[in-house]
$ cat start_9.txt   # compact mmCIF, C-alpha atoms
# COMPACT_ATOMS: atom_id res chain seq x y z
CA MET D 29 -32.95 6.32 2.34
CA PRO D 30 -35.04 5.32 5.40
CA PRO D 31 -38.84 5.50 4.83
CA GLU D 32 -39.16 8.00 7.70
CA LEU D 33 -36.68 10.28 5.98
CA ARG D 34 -38.64 10.03 2.72
CA LYS D 35 -41.76 11.02 4.68
CA LEU D 36 -39.83 13.92 6.17
CA LEU D 37 -38.86 15.25 2.74
CA ALA D 38 -42.43 14.77 1.47
CA THR D 39 -43.63 16.83 4.45
CA ALA D 40 -41.05 19.50 3.60
CA ASP D 41 -42.34 19.65 0.02
CA ALA D 42 -45.95 19.94 1.19
CA LEU D 43 -45.04 22.68 3.66
CA ALA D 44 -43.15 24.60 0.96
CA ALA D 45 -46.29 24.54 -1.20
CA LYS D 46 -48.36 25.74 1.75
CA ALA D 47 -45.92 28.54 2.48
CA LYS D 48 -46.02 29.57 -1.18
CA GLY D 49 -49.82 29.74 -0.95
CA ALA D 50 -49.55 31.97 2.11
CA VAL D 51 -47.14 34.29 0.29
CA LEU D 52 -49.35 34.50 -2.82
CA SER D 53 -52.47 35.17 -0.76
CA ALA D 54 -50.76 37.84 1.34
CA THR D 55 -49.18 39.61 -1.62
CA ARG D 56 -52.51 39.67 -3.48
CA ASP D 57 -54.12 41.32 -0.43
CA ILE D 58 -51.25 43.80 -0.14
CA ARG D 59 -51.58 44.78 -3.80
CA LYS D 60 -55.32 45.30 -3.41
CA GLU D 61 -54.76 47.42 -0.31
CA ILE D 62 -52.16 49.56 -2.07
CA LEU D 63 -54.49 50.21 -5.00
CA PHE D 64 -57.46 50.95 -2.73
CA LEU D 65 -55.56 53.32 -0.45
CA ALA D 66 -53.83 55.00 -3.37
CA GLY D 67 -57.22 55.79 -4.83
CA GLU D 68 -58.75 56.92 -1.52
CA LEU D 69 -55.86 59.00 -0.18
CA ASN D 70 -54.25 62.02 -1.75
CA VAL D 71 -50.98 60.24 -2.46
CA ALA D 72 -50.08 62.76 -5.16
CA GLY D 73 -50.00 65.72 -2.85
CA SER D 74 -49.42 64.22 0.57
CA ALA D 75 -46.14 62.63 1.65
CA GLU D 76 -47.87 61.71 4.90
CA ALA D 77 -50.53 59.73 2.99
CA ARG D 78 -47.84 57.85 1.08
CA GLU D 79 -45.93 57.02 4.25
CA SER D 80 -49.11 55.72 5.88
CA ILE D 81 -49.55 53.29 2.97
CA PHE D 82 -45.94 52.15 3.32
CA ALA D 83 -46.58 51.55 7.01
CA GLN D 84 -49.65 49.43 6.19
CA VAL D 85 -47.60 47.40 3.70
CA THR D 86 -44.93 46.80 6.34
CA LYS D 87 -47.57 45.62 8.85
CA ARG D 88 -49.02 43.21 6.30
CA PHE D 89 -45.60 41.74 5.53
CA ALA D 90 -44.84 41.46 9.25
CA LYS D 91 -48.05 39.44 9.65
CA LEU D 92 -47.00 37.23 6.76
CA GLY D 93 -43.59 36.81 8.40
CA LYS D 94 -45.20 35.52 11.59
CA ARG D 95 -47.25 32.99 9.66
CA LEU D 96 -44.23 31.77 7.73
CA SER D 97 -42.19 31.59 10.92
CA ALA D 98 -44.84 29.37 12.50
CA LEU D 99 -44.84 27.08 9.44
CA PHE D 100 -41.06 26.83 9.38
CA THR D 101 -40.88 26.22 13.13
CA TYR D 102 -43.38 23.39 12.75
CA MET D 103 -41.17 21.96 9.99
CA ASP D 104 -38.10 22.09 12.21
CA GLU D 105 -39.92 20.34 15.04
CA THR D 106 -41.27 17.73 12.62
CA ALA D 107 -37.75 17.24 11.26
CA VAL D 108 -36.46 16.44 14.73
CA ARG D 109 -39.26 13.94 15.46
CA ARG D 110 -39.02 12.17 12.12
CA GLY D 111 -35.26 12.53 12.09
CA GLY D 112 -35.21 10.60 15.35
CA ARG D 113 -37.39 7.86 13.85
CA ALA D 114 -35.24 7.72 10.72
CA ALA D 115 -32.13 7.50 12.91
CA SER D 116 -33.80 4.59 14.73
CA GLU D 117 -34.45 2.87 11.39
CA SER D 118 -30.88 3.41 10.26
CA THR D 119 -29.17 2.28 13.44
CA GLY D 120 -31.62 -0.18 15.01
CA LEU D 121 -31.39 1.96 18.15
CA GLU D 122 -34.31 3.50 19.99
CA VAL D 123 -33.77 7.22 19.53
CA LYS D 124 -35.93 9.34 21.80
CA ILE D 125 -36.04 13.10 21.43
CA SER D 126 -37.27 15.15 24.38
CA PRO D 127 -38.71 18.65 23.79
CA ALA D 128 -35.59 20.18 25.35
CA HIS D 129 -33.36 18.04 23.17
CA ALA D 130 -35.38 18.93 20.08
CA LYS D 131 -35.05 22.63 20.86
CA ALA D 132 -31.30 22.27 21.30
CA VAL D 133 -30.92 20.39 18.00
CA ILE D 134 -32.97 22.97 16.11
CA ALA D 135 -30.95 25.84 17.61
CA ALA D 136 -27.67 24.13 16.73
CA VAL D 137 -28.60 23.13 13.20
CA THR D 138 -30.79 25.92 11.88
CA LYS D 139 -29.14 28.73 13.88
CA GLY D 140 -32.45 30.52 14.26
CA GLY D 141 -33.25 29.67 10.66
CA SER D 142 -37.04 29.51 10.96
CA ALA D 143 -37.62 33.02 12.27
CA ARG D 144 -34.68 34.44 10.33
CA LEU D 145 -35.78 32.93 7.02
CA ALA D 146 -39.34 34.23 7.42
CA ALA D 147 -38.12 37.69 8.45
CA THR D 148 -35.54 37.87 5.65
CA MET D 149 -38.02 36.87 2.98
CA THR D 150 -40.78 39.22 4.05
CA ARG D 151 -38.39 42.12 4.68
CA SER D 152 -36.94 41.65 1.20
CA MET D 153 -40.39 41.66 -0.42
CA ASN D 154 -41.48 44.64 1.69
CA ASP D 155 -38.37 46.63 0.75
CA ASN D 156 -38.80 45.76 -2.92
CA ILE D 157 -42.38 46.93 -3.24
CA VAL D 158 -41.94 50.05 -1.09
CA SER D 159 -38.87 50.96 -3.14
CA ALA D 160 -40.85 50.42 -6.35
CA LEU D 161 -43.64 52.70 -5.09
CA ARG D 162 -41.14 55.40 -4.04
CA ASN D 163 -39.45 55.22 -7.45
CA ALA D 164 -42.85 55.49 -9.13
CA THR D 165 -43.54 58.63 -7.10
CA VAL D 166 -40.22 60.21 -8.05
CA SER D 167 -40.86 59.36 -11.71
CA ALA D 168 -44.34 60.94 -11.61
CA PHE D 169 -43.07 64.16 -10.04
CA ARG D 170 -40.26 64.30 -12.60
CA GLU D 171 -42.83 64.05 -15.42
CA GLN D 172 -44.83 66.86 -13.83
CA ALA D 173 -41.74 69.07 -13.76
CA VAL D 174 -40.71 68.25 -17.34
CA ASP D 175 -44.14 68.18 -19.00
CA GLY D 176 -45.85 70.85 -16.91
CA LEU D 177 -48.66 68.55 -15.74
CA THR D 178 -51.45 69.96 -13.61
CA ASN D 179 -51.91 68.51 -10.14
CA ASP D 180 -54.89 66.44 -11.34
CA GLU D 181 -52.90 65.12 -14.31
CA MET D 182 -49.96 64.29 -12.11
CA ALA D 183 -52.25 62.48 -9.64
CA LYS D 184 -53.54 60.27 -12.48
CA VAL D 185 -49.99 59.53 -13.67
CA LEU D 186 -48.90 58.65 -10.13
CA LEU D 187 -51.90 56.35 -9.61
CA GLN D 188 -51.10 54.56 -12.87
CA LYS D 189 -47.47 54.12 -11.88
CA TRP D 190 -48.42 52.83 -8.44
CA GLN D 191 -50.87 50.39 -10.02
CA ALA D 192 -48.12 49.11 -12.32
CA ALA D 193 -45.64 48.79 -9.44
CA ALA D 194 -48.15 46.99 -7.20
CA LYS D 195 -49.13 44.52 -9.92
CA ASP D 196 -45.58 43.75 -11.07
CA PRO D 197 -44.71 40.22 -9.79
CA ALA D 198 -41.02 41.15 -9.74
CA ASN D 199 -41.67 43.55 -6.86
CA VAL D 200 -42.76 40.77 -4.49
CA GLN D 201 -40.11 38.22 -5.43
CA PHE D 202 -37.48 37.24 -2.91
CA VAL D 203 -33.97 38.49 -3.67
CA ASP D 204 -31.17 36.98 -1.60
CA ARG D 205 -28.02 38.75 -0.39
CA SER D 206 -26.12 37.89 -3.57
CA GLY D 207 -28.83 39.53 -5.68
CA ARG D 208 -30.25 36.28 -7.01
CA VAL D 209 -34.01 36.33 -7.61
CA TRP D 210 -35.85 33.24 -6.37
CA ASP D 211 -39.18 31.67 -7.08
CA THR D 212 -40.83 31.67 -3.65
CA GLU D 213 -41.68 27.97 -3.56
CA THR D 214 -38.22 26.96 -4.80
CA TYR D 215 -36.47 29.03 -2.14
CA ILE D 216 -38.70 27.86 0.70
CA ASN D 217 -38.45 24.26 -0.47
CA MET D 218 -34.66 24.48 -0.57
CA ASN D 219 -34.51 25.84 2.97
CA VAL D 220 -36.98 23.51 4.65
CA ARG D 221 -35.51 20.43 2.92
CA THR D 222 -31.99 21.51 3.84
CA ASN D 223 -32.92 22.13 7.46
CA ALA D 224 -34.78 18.82 7.58
CA MET D 225 -31.74 16.91 6.27
CA ASN D 226 -29.37 18.76 8.59
CA VAL D 227 -31.54 18.00 11.61
CA TYR D 228 -31.72 14.32 10.61
CA ASN D 229 -27.95 14.07 10.23
CA ASP D 230 -27.30 15.81 13.54
CA VAL D 231 -29.80 13.59 15.36
CA LEU D 232 -28.23 10.52 13.75
CA VAL D 233 -24.71 11.57 14.69
CA GLU D 234 -25.70 12.31 18.26
CA SER D 235 -27.70 9.08 18.66
CA ILE D 236 -24.89 6.91 17.30
CA GLY D 237 -22.33 8.53 19.56
CA LYS D 238 -24.45 8.22 22.69
CA ALA D 239 -25.89 4.76 22.13
CA THR D 240 -22.92 2.86 20.71
CA GLY D 241 -19.89 4.90 21.60
CA SER D 242 -18.83 4.69 17.95
CA ASP D 243 -17.05 7.70 16.54
CA LEU D 244 -17.50 6.83 12.86
CA VAL D 245 -20.20 7.46 10.26
CA MET D 246 -20.20 7.16 6.46
CA VAL D 247 -21.52 9.58 3.84
CA SER D 248 -24.18 8.00 1.61
CA SER D 249 -23.52 7.40 -2.09
CA ASP D 250 -26.83 8.57 -3.53
CA GLY D 251 -26.15 12.14 -4.53
CA ASP D 252 -25.53 14.19 -7.67
CA ALA D 253 -22.42 13.05 -9.57
CA ASP D 254 -22.20 16.54 -11.08
CA CYS D 255 -21.93 18.26 -7.70
CA ARG D 256 -18.24 18.94 -7.22
CA LEU D 257 -18.85 19.98 -3.60
CA CYS D 258 -20.29 16.76 -2.24
CA PHE D 259 -19.53 14.03 -4.81
CA PRO D 260 -15.91 13.66 -3.56
CA TRP D 261 -17.29 12.85 -0.11
CA GLU D 262 -19.52 9.94 -1.14
CA GLY D 263 -18.60 6.78 0.77
CA ARG D 264 -16.15 8.71 2.95
CA ILE D 265 -15.89 7.73 6.61
CA LEU D 266 -16.09 10.66 9.02
CA SER D 267 -15.22 11.05 12.67
CA ILE D 268 -18.11 12.37 14.77
CA THR D 269 -15.95 13.96 17.46
CA GLY D 270 -12.54 14.32 15.84
CA LYS D 271 -11.01 11.81 18.22
CA THR D 272 -10.29 9.37 15.39
CA ARG D 273 -7.73 11.59 13.72
CA GLU D 274 -7.17 9.47 10.62
CA PHE D 275 -10.57 10.58 9.31
CA PRO D 276 -12.09 13.95 8.41
CA THR D 277 -14.57 15.16 11.01
CA TYR D 278 -18.29 15.69 10.48
CA GLU D 279 -17.84 19.42 11.09
CA GLU D 280 -14.89 19.64 8.67
CA ALA D 281 -16.93 17.94 5.97
CA LYS D 282 -19.76 20.43 6.43
CA ALA D 283 -17.32 23.34 6.36
CA ALA D 284 -15.87 21.98 3.10
CA GLY D 285 -19.28 22.05 1.37
CA LEU D 286 -20.90 18.72 2.17
CA PHE D 287 -24.61 18.99 3.14
CA HIS D 288 -24.94 22.25 1.21
CA PRO D 289 -28.45 23.60 0.44
CA ASN D 290 -30.53 20.98 -1.38
CA CYS D 291 -27.89 18.30 -0.73
CA VAL D 292 -29.53 14.85 -0.53
CA HIS D 293 -26.65 13.06 1.15
CA THR D 294 -27.21 11.48 4.52
CA LEU D 295 -25.03 9.77 7.08
CA GLU D 296 -24.98 6.05 7.75
CA PRO D 297 -23.66 4.15 10.79
CA VAL D 298 -20.32 2.37 10.52
CA ASP D 299 -19.95 -0.98 12.24
CA GLU D 300 -16.26 -1.13 13.06
CA GLU D 301 -16.31 -4.96 13.02
CA LEU D 302 -18.42 -5.59 9.91
CA ASP D 303 -16.84 -2.65 8.07
CA ALA D 304 -13.33 -3.35 9.35
CA ASP D 305 -11.76 -3.64 5.87
CA GLU D 306 -13.22 -0.32 4.71
CA VAL D 307 -12.21 1.39 7.95
CA GLU D 308 -8.67 0.03 7.58
CA LEU D 309 -8.52 1.15 3.94
CA GLN D 310 -9.60 4.71 4.63
CA ARG D 311 -7.28 5.03 7.63
CA ASN D 312 -4.47 5.09 5.09
CA PHE D 313 -5.83 8.29 3.55
CA PRO D 314 -5.90 10.95 6.28
CA PRO D 315 -7.59 14.17 5.14
CA PRO D 316 -5.37 16.74 3.42
CA ALA D 317 -4.65 19.96 5.27
CA ASP D 318 -6.72 21.86 2.71
CA MET D 319 -9.95 19.91 2.10
CA THR D 320 -10.84 21.50 -1.22
CA PRO D 321 -13.18 19.62 -3.58
CA SER D 322 -10.26 18.83 -5.91
CA ALA D 323 -8.09 17.48 -3.07
CA MET D 324 -10.93 15.34 -1.72
CA ASP D 325 -11.76 14.16 -5.25
CA GLU D 326 -8.18 12.98 -5.73
CA GLN D 327 -8.33 11.04 -2.47
CA ARG D 328 -11.68 9.51 -3.35
CA TYR D 329 -10.18 8.33 -6.65
CA GLU D 330 -7.25 6.71 -4.86
CA ILE D 331 -9.53 5.08 -2.28
CA ASP D 332 -11.82 3.72 -5.02
CA ILE D 333 -8.87 2.23 -6.90
CA ASN D 334 -7.44 0.63 -3.76
CA ARG D 335 -10.89 -0.77 -2.92
CA LYS D 336 -11.10 -2.41 -6.36
CA MET D 337 -7.64 -3.91 -5.88
CA MET D 338 -8.48 -5.14 -2.39
CA ASN D 339 -11.97 -6.53 -3.06
CA GLU D 340 -11.61 -7.80 -6.61
CA GLY D 341 -7.94 -8.76 -6.73
CA LEU D 342 -7.23 -6.38 -9.64
CA SER D 343 -3.86 -4.95 -10.60
CA LEU D 344 -3.33 -1.21 -10.31
CA LYS D 345 -3.84 -0.77 -14.06
CA GLU D 346 -7.00 -2.90 -14.07
CA ALA D 347 -8.43 -1.19 -11.00
CA LYS D 348 -7.82 2.26 -12.43
CA VAL D 349 -9.69 1.43 -15.65
CA ALA D 350 -12.52 -0.23 -13.67
CA VAL D 351 -12.99 2.89 -11.54
CA ASP D 352 -12.90 5.10 -14.63
CA ARG D 353 -15.59 2.93 -16.23
CA ASP D 354 -17.80 3.25 -13.15
CA ASN D 355 -17.33 7.02 -12.98
CA LEU D 356 -17.90 7.44 -16.72
CA ALA D 357 -21.17 5.46 -16.57
CA ASN D 358 -22.35 7.43 -13.52
CA ALA D 359 -21.61 10.74 -15.24
CA MET D 360 -23.47 9.57 -18.36
CA ARG D 361 -26.52 8.49 -16.34
CA GLU D 362 -26.54 11.73 -14.35
CA GLY D 363 -26.25 14.06 -17.34
CA LEU D 364 -28.31 12.20 -19.93
CA ALA D 365 -30.73 10.18 -17.77
CA SER D 366 -29.68 7.25 -19.92
CA GLY D 367 -30.36 3.64 -19.02
CA LYS D 368 -27.85 2.65 -21.72
CA ALA D 369 -24.84 4.03 -19.84
CA ASP D 370 -23.43 0.69 -18.66
CA GLU D 371 -23.98 -0.88 -22.08
CA VAL D 372 -22.21 1.99 -23.85
CA VAL D 373 -19.26 2.07 -21.47
CA ALA D 374 -18.83 -1.72 -21.63
CA LYS D 375 -18.19 -1.46 -25.38
CA LEU D 376 -15.38 1.08 -25.00
CA THR D 377 -11.78 -0.08 -25.00
CA ASP D 378 -9.57 0.60 -22.00
CA GLU D 379 -7.70 3.20 -24.06
CA GLN D 380 -10.93 5.02 -24.93
CA VAL D 381 -12.07 5.01 -21.32
CA ASN D 382 -8.68 6.35 -20.26
CA ALA D 383 -8.83 9.12 -22.85
CA LEU D 384 -12.37 10.08 -21.75
CA CYS D 385 -11.28 10.38 -18.11
CA PRO D 386 -8.26 12.70 -18.05
CA ASN D 387 -6.71 12.69 -14.58
CA GLY D 388 -9.44 10.30 -13.52
CA ASN D 389 -12.22 12.84 -14.13
CA PRO D 390 -14.95 11.93 -16.64
CA PRO D 391 -16.63 14.75 -18.54
CA ARG D 392 -20.00 16.04 -17.48
CA PHE D 393 -22.55 14.86 -20.03
CA ALA D 394 -25.34 17.04 -21.44
CA PRO D 395 -27.81 16.72 -24.36
CA ALA D 396 -26.55 18.18 -27.64
CA LYS D 397 -29.63 20.45 -27.81
CA ASP D 398 -28.22 22.38 -24.82
CA ASN D 399 -25.19 23.44 -26.83
CA ALA D 400 -25.18 25.95 -29.70
CA GLY D 401 -22.38 23.98 -31.35
CA GLY D 402 -24.27 20.69 -31.26
CA GLU D 403 -22.39 17.49 -30.46
CA GLU D 404 -18.88 18.18 -29.17
CA TRP D 405 -16.58 17.79 -26.18
CA ASN D 406 -15.73 21.13 -24.59
CA ARG D 407 -12.72 20.07 -22.61
CA GLY D 408 -11.94 21.87 -19.38
CA SER D 409 -11.19 21.34 -15.73
CA ASN D 410 -12.68 18.18 -14.23
CA GLY D 411 -13.21 16.70 -17.69
CA GLY D 412 -15.23 19.53 -19.21
CA VAL D 413 -18.65 18.96 -20.80
CA LEU D 414 -19.44 16.43 -23.52
CA TYR D 415 -22.60 17.27 -25.47
CA ILE D 416 -24.14 14.34 -27.33
CA ASP D 417 -27.49 13.32 -28.81
CA ARG D 418 -29.16 11.40 -26.01
CA LYS D 419 -31.41 9.41 -28.37
CA GLU D 420 -28.49 8.24 -30.53
CA LEU D 421 -26.15 7.37 -27.66
CA THR D 422 -23.85 4.50 -28.66
CA ALA D 423 -20.22 3.67 -27.98
CA GLU D 424 -19.37 4.38 -31.61
CA ARG D 425 -21.05 7.77 -31.56
CA LEU D 426 -19.40 8.65 -28.25
CA VAL D 427 -15.97 7.84 -29.69
CA LYS D 428 -16.68 9.92 -32.81
CA VAL D 429 -18.02 12.96 -30.92
CA SER D 430 -15.26 12.94 -28.32
CA GLY D 431 -12.47 12.27 -30.81
CA VAL D 432 -10.71 9.76 -28.54
CA GLU D 433 -8.34 7.44 -30.33
CA GLU D 434 -7.29 3.87 -29.83
CA GLY D 435 -3.68 2.80 -29.61
CA LYS D 436 -2.63 5.23 -26.90
CA PRO D 437 -1.14 3.56 -23.83
CA VAL D 438 -3.15 3.64 -20.64
CA ARG D 439 -1.67 6.34 -18.42
CA LYS D 440 0.15 4.97 -15.40
CA PRO D 441 -1.40 7.01 -12.61
CA ASP D 442 0.58 8.08 -9.58
CA ILE D 443 -1.67 6.23 -7.15
CA LYS D 444 -0.86 5.43 -3.54
CA VAL D 445 -1.20 1.66 -3.10
CA VAL D 446 -1.91 0.57 0.45
CA ARG D 447 -2.32 -3.16 -0.23
CA SER D 448 -1.32 -5.03 -3.37
$ encode --input "start_9.txt" --output "structure tokens"
Amino acid sequence: MPPELRKLLATADALAAKAKGAVLSATRDIRKEILFLAGELNVAGSAEARESIFAQVTKRFAKLGKRLSALFTYMDETAVRRGGRAASESTGLEVKISPAHAKAVIAAVTKGGSARLAATMTRSMNDNIVSALRNATVSAFREQAVDGLTNDEMAKVLLQKWQAAAKDPANVQFVDRSGRVWDTETYINMNVRTNAMNVYNDVLVESIGKATGSDLVMVSSDGDADCRLCFPWEGRILSITGKTREFPTYEEAKAAGLFHPNCVHTLEPVDEELDADEVELQRNFPPPADMTPSAMDEQRYEIDINRKMMNEGLSLKEAKVAVDRDNLANAMREGLASGKADEVVAKLTDEQVNALCPNGNPPRFAPAKDNAGGEEWNRGSNGGVLYIDRKELTAERLVKVSGVEEGKPVRKPDIKVVRS
């Protein structure tokens, strides 16, 4: 990852923390204002007084929205500037971004994301707390009707309920459209990092196309092996414009799930002379009509096997086992953070590796403590999940936990061979 891009992500993290501070400060002030006004105004007997408080809350959240929008806009502009520098580092080209160009890139990539994100977050928090206060009011009036409270008693009950609603952290959390509740910093961080990466990739794509005339870029291989959306795309060559029809396009890859929120993959330039062998190899695997993760994963597997055969002179059987070993070690490192992955996999027989990678898919690894049943292999689609004691990880223990047996023939995969 280019140093400028690392700086960009560090800036995104710092801005997310700053935005979280702004949200916390604003919500504390809003709570105090609710409690003060509730005590000063006759909220128990006056609907008008209650509505005036709701209006003040809305104004406060609107002010917060403007501050967040300014922070996010700054992040987008920073992403374009540093994205241009990172693109220069990656390509060796001088990438200059004019203000007009920067504005166009931001509009294309974030689709109004800065203002929309700020407005969505603050509107959600505003609606949550106003709804909580309205529900508290209804509850207090219901108690008055059931228990025969005097007006003074009901006013005290209502004030208590409003205090509880105003102080409840859940009422100022951000809830997205699917109903998922987010920690403010996590949500902001996800969005600013995602926008920053998207801007960088778009700037890179545009700069490569304009400066070199090349239509090809490659997806980096530094992501999450557990992510079924983007892992199948690692190392895949893409067409920037769609003119090179043997390759998936940049837009198709995005539509299929690559560069999803929090995705750390980037694009890299392809030199059609230096990378001629790889370009030729991948030309033989045009994208399927339906670019689902499983379809792209199957193609990646075939490409990896053919690459082993081409670069290392392996037979189909040898290449298949070599790719399975690589994928198994990667899955083990990803799930167990284990530096012993290569050592463990090297001690497995070809038959054991084959059995651990049904249909070419290794299991996802997780510590045994995460599973109520302890150490076991819960088989399923894409290899399932293999829970194992991370501290006691050895080839022998892996064989015992997984139950794989020796003596079974290595499956002869139906693999397209483009060059023997």
$ closest_residue --input "start_9.txt" --among "D:Gly112, D:Pro31, D:Gly270, D:Gly67" --to "Gln191 (chain D)" --atoms "all atoms listed in the file"
D:Gly67
$ closest_residue --input "start_9.txt" --among "D:Ser343, D:Asn312, D:Gln380, D:Leu414" --to "Ala359 (chain D)" --atoms "all atoms listed in the file"
D:Leu414
$ atom_distance --input "start_9.txt" --atom1 "CA of Asp204 (chain D)" --atom2 "CA of Met153 (chain D)"
10.4 Å
$ closest_residue --input "start_9.txt" --among "D:Asn406, D:Thr106, D:Asn389, D:Asn199" --to "Val220 (chain D)" --atoms "only C-alpha atoms"
D:Thr106
$ closest_residue --input "start_9.txt" --among "D:Ala183, D:Val429, D:Ala284, D:Ala147" --to "Phe202 (chain D)" --atoms "only C-alpha atoms"
D:Ala147
$ closest_residue --input "start_9.txt" --among "D:Lys419, D:Arg56, D:Lys48, D:Arg407" --to "Asn217 (chain D)" --atoms "only C-alpha atoms"
D:Lys48
$ closest_residue --input "start_9.txt" --among "D:Trp405, D:Tyr329, D:Phe287, D:Phe275" --to "Met225 (chain D)" --atoms "all atoms listed in the file"
D:Phe287
$ atom_distance --input "start_9.txt" --atom1 "CA of Arg353 (chain D)" --atom2 "CA of Glu306 (chain D)"
21.3 Å
$ atom_distance --input "start_9.txt" --atom1 "CA of Asn358 (chain D)" --atom2 "CA of Lys336 (chain D)"
16.6 Å
$ residues_around --input "start_9.txt" --residues "Gly388 (chain D)" --least-positions-apart "2" --cutoff "9 Å" --atoms "only C-alpha atoms" --output "list of chain:residue names"
D:Glu326, D:Tyr329, D:Lys348, D:Val351, D:Asp352, D:Asn355, D:Asn382, D:Leu384, D:Cys385, D:Pro386, D:Pro390, D:Asn410, D:Gly411, D:Pro441
$ write_last_selection --input "start_9.txt" --atoms "C-alpha atoms" --output "PDB file, in the coordinates of the input"
ATOM      1  CA  GLU D 326      -8.180  12.980  -5.730  1.00  0.00           C
ATOM      2  CA  TYR D 329     -10.180   8.330  -6.650  1.00  0.00           C
ATOM      3  CA  LYS D 348      -7.820   2.260 -12.430  1.00  0.00           C
ATOM      4  CA  VAL D 351     -12.990   2.890 -11.540  1.00  0.00           C
ATOM      5  CA  ASP D 352     -12.900   5.100 -14.630  1.00  0.00           C
ATOM      6  CA  ASN D 355     -17.330   7.020 -12.980  1.00  0.00           C
ATOM      7  CA  ASN D 382      -8.680   6.350 -20.260  1.00  0.00           C
ATOM      8  CA  LEU D 384     -12.370  10.080 -21.750  1.00  0.00           C
ATOM      9  CA  CYS D 385     -11.280  10.380 -18.110  1.00  0.00           C
ATOM     10  CA  PRO D 386      -8.260  12.700 -18.050  1.00  0.00           C
ATOM     11  CA  PRO D 390     -14.950  11.930 -16.640  1.00  0.00           C
ATOM     12  CA  ASN D 410     -12.680  18.180 -14.230  1.00  0.00           C
ATOM     13  CA  GLY D 411     -13.210  16.700 -17.690  1.00  0.00           C
ATOM     14  CA  PRO D 441      -1.400   7.010 -12.610  1.00  0.00           C
TER      15      PRO D 441
END
$ residues_around --input "start_9.txt" --residues "Arg110 (chain D)" --least-positions-apart "6" --cutoff "7 Å" --atoms "all atoms listed in the file" --output "list in words"
Glu32, Leu33 and Leu36 of chain D
$ residues_near_point --input "start_9.txt" --point "(-26.2, 7.3, -1.9)" --cutoff "10 Å" --atoms "all atoms listed in the file" --output "PyMOL selection string"
chain D and resi 29+247-252+259+262-263+292-296
$ axis_aligned_box --input "start_9.txt" --around "region 384-399 of chain D" --padding-each-side "3 Å" --output "AutoDock Vina command-line options"
--center_x -18.2 --center_y 16.8 --center_z -20.7 --size_x 28.9 --size_y 19.4 --size_z 20.3
$ residues_near_point --input "start_9.txt" --point "(-12.1, 10.6, 16.9)" --cutoff "12 Å" --atoms "only C-alpha atoms" --output "list of chain:residue names"
D:Gly237, D:Gly241, D:Ser242, D:Asp243, D:Leu244, D:Val245, D:Ile265, D:Leu266, D:Ser267, D:Ile268, D:Thr269, D:Gly270, D:Lys271, D:Thr272, D:Arg273, D:Glu274, D:Phe275, D:Pro276, D:Thr277, D:Tyr278, D:Arg311
$ residues_around --input "start_9.txt" --residues "Ala168 (chain D)" --least-positions-apart "4" --cutoff "12 Å" --atoms "only C-alpha atoms" --output "PyMOL selection string"
chain D and resi 71-73+161-164+172-190
$ residues_around --input "start_9.txt" --residues "Glu213 (chain D)" --least-positions-apart "4" --cutoff "12 Å" --atoms "only C-alpha atoms" --output "list in words"
Ala40, Asp41, Ala42, Leu43, Ala44, Ala45, Lys46, Ala47, Lys48, Gly49, Ala50, Val51, Leu52, Met149, Gln201, Phe202, Asn217, Met218, Asn219, Val220 and Arg221 of chain D
$ decode --input "start_9.txt" --residues "region 103-114 of chain D" --atoms "C-alpha atoms" --output "compact mmCIF listing (two decimals), in the first residue's frame"
# COMPACT_ATOMS: atom_id res chain seq x y z
CA MET D 103 -12.28 14.21 4.29
CA ASP D 104 -13.52 13.76 0.73
CA GLU D 105 -11.37 16.64 -0.51
CA THR D 106 -8.36 15.27 1.38
CA ALA D 107 -9.03 11.84 -0.13
CA VAL D 108 -8.86 13.29 -3.63
CA ARG D 109 -5.59 15.16 -2.94
CA ARG D 110 -3.87 12.26 -1.25
CA GLY D 111 -5.47 9.80 -3.62
CA GLY D 112 -3.80 11.68 -6.45
CA ARG D 113 -0.44 11.51 -4.69
CA ALA D 114 -0.90 7.80 -3.97
